[in-house]
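One structure below.
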Amino acid sequence: MSETLDMNAIVGSHDLVMITLDTLRYDVARERFVRGRTPHFEALLGPDGWEERHTPGSFTYAAHHAFFAGFLPTPATPGPHPRHFAARFQGSVTSTPNTCIFETADIVTGLAGRGYHTVCIGGVGFFNGETALGKVLPSFFQEHHWSRALGVTDPDSTRNQLELAAKILDEHTEPTFLFINISALHQPNRHYIEGAEEDSIETHAAALEYVDSQLPVLTNALEARSRPTFCMIFADHGTAYGEDGFSGHRLSHPTVMTVPYAEAFIHPRR
């Protein structure tokens, strides 16, 4: 993925979409992509597919605080690596002339100050707004949504999330920063394989195939927009399914800290 994009030219001229595929492992994303099991991601991302990166946080809350401050997953190669966005602070070695730098403490508020309508479509519990903790991340946004139909227990959560996104995009013509936390990959995901009694790397992969099947709902809505869209799609962290005795996340295992990352431009339908 390009680290040399001039984000100062993109911000203001493009809609911006950030999608976090909650808990998606890099190895699973890559394996499904190579096998042709995620055709809609392949159509969007092109032949190179997913890039291997390192996440700044081992669980949703920590990772998203970093993302909203401009610290997206870092390429898994020696750096330093320039960043697309940054909240200004002294001594940053990853802010360059191509970095869009905000005077605000987070990039969401900064984008609102640049005329963007900021929208959060939540997924996992840290976005549910039902507790003081669940209100922190959504509070960055001017408009935020969560319901149980968008959460981890609904097998059709991705369809529900993307249909809501399409409706919001249809209602707002101004430049939009759309953030979606996709919940389907997070445990429980056993419902994506009929008869499965527990979550596994196989049900995790099946959940990714389900997410892929719903992707045209969003891409069609973005193609109907009047301006091009710059999309950033990545996992916030991975999750372990017994590797080296580890399970889950909020731990520093390669299955957790190594994530897929991709960027894509979507242009208006002519």
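By order of appearance in the structure tokens: chains A, B, ..., then residues from 1 within every chain, and ligands from 1 in the order shown.
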
* Using only C-alpha atoms, determine which residues lie at most 9 Å from region 18-20 of chain A, disregarding the query and same-chain residues fewer than 4 positions distant; provide the list as a list of chain:residue names. =>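 What passes the distance filter is A:Leu24, A:His64, A:Phe177, A:Leu178, A:Phe179, A:Ile180, A:Asn181, A:Ile182, A:Ser183, A:Phe230, A:Cys231, A:Met232, A:Ile233, A:Phe234, A:Ala235, A:Asp236.
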
* For Gln90 (chain A), work out the shell of residues within 12 Å, counting only C-alpha atoms and skipping chain neighbours fewer than 4 positions away, then give it as number ranges by chain. => A: 86, 94-95, 101, 103

Saved selection, atoms kept: C-alpha atoms, as a PDB file, in the first residue's frame:
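So the final result, stored in out-v5.pdb, reads:
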ATOM      1  CA  ALA A  86      -1.787  12.633  12.769  1.00  0.00           C
ATOM      2  CA  THR A  94       6.229   9.603  11.138  1.00  0.00           C
ATOM      3  CA  SER A  95       4.514  12.876  10.205  1.00  0.00           C
ATOM      4  CA  ILE A 101      -2.156  16.814  10.521  1.00  0.00           C
ATOM      5  CA  GLU A 103      -4.663  20.414  15.776  1.00  0.00           C
TER       6      GLU A 103
END

* Write out as a list in words which residues come within 7 Å of region 50-62 of chain A when counting only C-alpha atoms, dropping same-chain ones fewer than 3 positions away. =>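 The filter keeps Tyr26, Arg30, His65, Ala66, Pro73, Thr74, Pro75, Ala76, Phe126, Asp236, His237, His249, Arg250, Leu251, Ser252, Val256, Met257, Thr258, Val259, Pro260, Tyr261 and Ala262 of chain A.
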
Please save C-alpha atoms of the selected residues as a compact mmCIF listing (two decimals), in the first residue's frame.
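Writing the result to selection.txt gives the following:
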# COMPACT_ATOMS: atom_id res chain seq x y z
CA TYR A 26 -3.80 -11.88 8.83
CA ARG A 30 -4.54 -14.04 3.24
CA HIS A 65 -7.94 4.86 20.53
CA ALA A 66 -4.69 4.62 18.57
CA PRO A 73 -1.53 -0.52 11.77
CA THR A 74 2.19 -0.26 10.91
CA PRO A 75 3.76 -2.11 7.95
CA ALA A 76 5.55 -5.26 9.13
CA PHE A 126 -17.03 -1.14 23.12
CA ASP A 236 -7.90 -3.94 14.88
CA HIS A 237 -6.20 -7.10 16.18
CA HIS A 249 -6.77 -11.61 22.45
CA ARG A 250 -5.50 -8.84 24.75
CA LEU A 251 -2.18 -10.65 24.62
CA SER A 252 1.00 -10.21 22.56
CA VAL A 256 -3.13 -11.23 17.74
CA MET A 257 -0.58 -8.57 16.81
CA THR A 258 -0.31 -9.34 13.06
CA VAL A 259 -3.22 -7.94 11.08
CA PRO A 260 -4.37 -7.51 7.46
CA TYR A 261 -4.47 -4.00 6.01
CA ALA A 262 -5.65 -2.66 2.65

* Pull the strand (DSSP E or B) assignments for region 84-227 of chain A out of DSSP run on the backbone, and list those residues as a list in words. =>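 Assigned to strand (DSSP E or B), within region 84-227 of chain A: Phe85, Ala86, Ala87, Cys100, Ile101, Phe102, His117, Thr118, Val119, Cys120, Ile121, Glu143, His144, His145, Thr176, Phe177, Leu178, Phe179, Ile180, Asn181 and Ile182 of chain A.
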
Write the residues you've just listed into a file as a PDB file, in the first residue's frame, and include C-alpha atoms for each of them.
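again21.pdb was written with the following content:
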ATOM      1  CA  PHE A  85      -3.139  11.162   9.568  1.00  0.00           C
ATOM      2  CA  ALA A  86      -1.787  12.633  12.769  1.00  0.00           C
ATOM      3  CA  ALA A  87      -2.808  14.716  15.737  1.00  0.00           C
ATOM      4  CA  CYS A 100      -2.843  15.279   7.105  1.00  0.00           C
ATOM      5  CA  ILE A 101      -2.156  16.814  10.521  1.00  0.00           C
ATOM      6  CA  PHE A 102      -4.893  18.039  12.839  1.00  0.00           C
ATOM      7  CA  HIS A 117     -20.007  14.546   8.580  1.00  0.00           C
ATOM      8  CA  THR A 118     -18.580  11.878  10.895  1.00  0.00           C
ATOM      9  CA  VAL A 119     -20.505   8.620  11.342  1.00  0.00           C
ATOM     10  CA  CYS A 120     -19.811   5.598  13.536  1.00  0.00           C
ATOM     11  CA  ILE A 121     -21.599   2.288  12.972  1.00  0.00           C
ATOM     12  CA  GLU A 143     -23.566  10.518  14.456  1.00  0.00           C
ATOM     13  CA  HIS A 144     -23.258   7.074  15.978  1.00  0.00           C
ATOM     14  CA  HIS A 145     -25.324   3.910  15.815  1.00  0.00           C
ATOM     15  CA  THR A 176     -18.509  12.007   4.945  1.00  0.00           C
ATOM     16  CA  PHE A 177     -16.125  10.105   7.191  1.00  0.00           C
ATOM     17  CA  LEU A 178     -17.768   6.724   7.699  1.00  0.00           C
ATOM     18  CA  PHE A 179     -16.365   4.351  10.304  1.00  0.00           C
ATOM     19  CA  ILE A 180     -17.690   0.794  10.630  1.00  0.00           C
ATOM     20  CA  ASN A 181     -16.591  -1.765  13.208  1.00  0.00           C
ATOM     21  CA  ILE A 182     -17.488  -5.116  11.640  1.00  0.00           C
TER      22      ILE A 182
END

* **Which of region 26-269 of chain A fall in alpha helix (DSSP H), as number ranges by chain** => A: 26-34, 39-45, 60-68, 107-113, 157-171, 201-223, 254-257

Convert the current residue selection to file output with C-alpha atoms, as a compact mmCIF listing (two decimals), in the first residue's frame.
# COMPACT_ATOMS: atom_id res chain seq x y z
CA TYR A 26 -3.80 -11.88 8.83
CA ASP A 27 -3.15 -15.54 8.06
CA VAL A 28 -6.87 -16.26 7.65
CA ALA A 29 -7.47 -13.17 5.49
CA ARG A 30 -4.54 -14.04 3.24
CA GLU A 31 -5.43 -17.73 2.95
CA ARG A 32 -9.05 -17.02 1.99
CA PHE A 33 -7.92 -14.36 -0.49
CA VAL A 34 -5.39 -16.65 -2.21
CA PRO A 39 -14.14 -12.50 -4.38
CA HIS A 40 -15.62 -9.14 -3.43
CA PHE A 41 -12.55 -8.18 -1.43
CA GLU A 42 -10.46 -9.33 -4.40
CA ALA A 43 -12.44 -7.09 -6.74
CA LEU A 44 -11.99 -4.13 -4.40
CA LEU A 45 -8.38 -4.64 -3.38
CA THR A 60 -10.54 -3.30 20.49
CA TYR A 61 -10.53 -0.43 22.95
CA ALA A 62 -6.79 0.19 22.91
CA ALA A 63 -6.42 -0.28 19.16
CA HIS A 64 -9.22 2.12 18.25
CA HIS A 65 -7.94 4.86 20.53
CA ALA A 66 -4.69 4.62 18.57
CA PHE A 67 -6.47 4.59 15.20
CA PHE A 68 -8.52 7.67 16.05
CA ILE A 107 -8.62 12.76 13.73
CA VAL A 108 -12.40 12.31 13.88
CA THR A 109 -12.90 15.71 15.48
CA GLY A 110 -10.30 17.09 13.11
CA LEU A 111 -12.20 15.84 10.08
CA ALA A 112 -15.42 17.33 11.43
CA GLY A 113 -13.58 20.64 11.59
CA SER A 157 -24.80 -8.26 11.61
CA THR A 158 -22.70 -7.29 8.59
CA ARG A 159 -25.70 -7.06 6.29
CA ASN A 160 -27.45 -4.92 8.89
CA GLN A 161 -24.41 -2.68 9.33
CA LEU A 162 -23.83 -2.14 5.62
CA GLU A 163 -27.50 -1.55 4.83
CA LEU A 164 -27.51 1.12 7.55
CA ALA A 165 -24.34 2.62 6.05
CA ALA A 166 -25.94 2.73 2.59
CA LYS A 167 -29.00 4.50 4.01
CA ILE A 168 -26.88 7.11 5.77
CA LEU A 169 -24.78 7.74 2.67
CA ASP A 170 -27.96 8.24 0.64
CA GLU A 171 -29.21 10.82 3.16
CA ILE A 201 -10.25 -20.85 13.13
CA GLU A 202 -12.59 -22.55 10.63
CA THR A 203 -15.65 -20.65 11.86
CA HIS A 204 -13.54 -17.47 11.94
CA ALA A 205 -12.74 -18.03 8.24
CA ALA A 206 -16.38 -18.76 7.46
CA ALA A 207 -17.33 -15.47 9.11
CA LEU A 208 -14.92 -13.66 6.78
CA GLU A 209 -16.58 -15.28 3.78
CA TYR A 210 -19.94 -14.05 5.09
CA VAL A 211 -18.57 -10.50 5.44
CA ASP A 212 -17.23 -10.68 1.89
CA SER A 213 -20.65 -11.73 0.58
CA GLN A 214 -22.19 -8.53 1.97
CA LEU A 215 -19.52 -6.10 0.74
CA PRO A 216 -21.39 -5.02 -2.46
CA VAL A 217 -24.07 -3.39 -0.28
CA LEU A 218 -21.47 -0.80 0.70
CA THR A 219 -19.48 -0.53 -2.52
CA ASN A 220 -22.65 0.05 -4.55
CA ALA A 221 -23.66 2.85 -2.19
CA LEU A 222 -20.23 4.45 -2.47
CA GLU A 223 -20.28 4.24 -6.27
CA PRO A 254 1.67 -13.08 16.61
CA THR A 255 -1.88 -14.29 15.86
CA VAL A 256 -3.13 -11.23 17.74
CA MET A 257 -0.58 -8.57 16.81

* Asked: What does the distance from CA of Phe71 (chain A) to CA of Ala105 (chain A) come to in Å, to one decimal?
  ->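 Result for CA of Phe71 (chain A) versus CA of Ala105 (chain A): 12.2 Å, one decimal.
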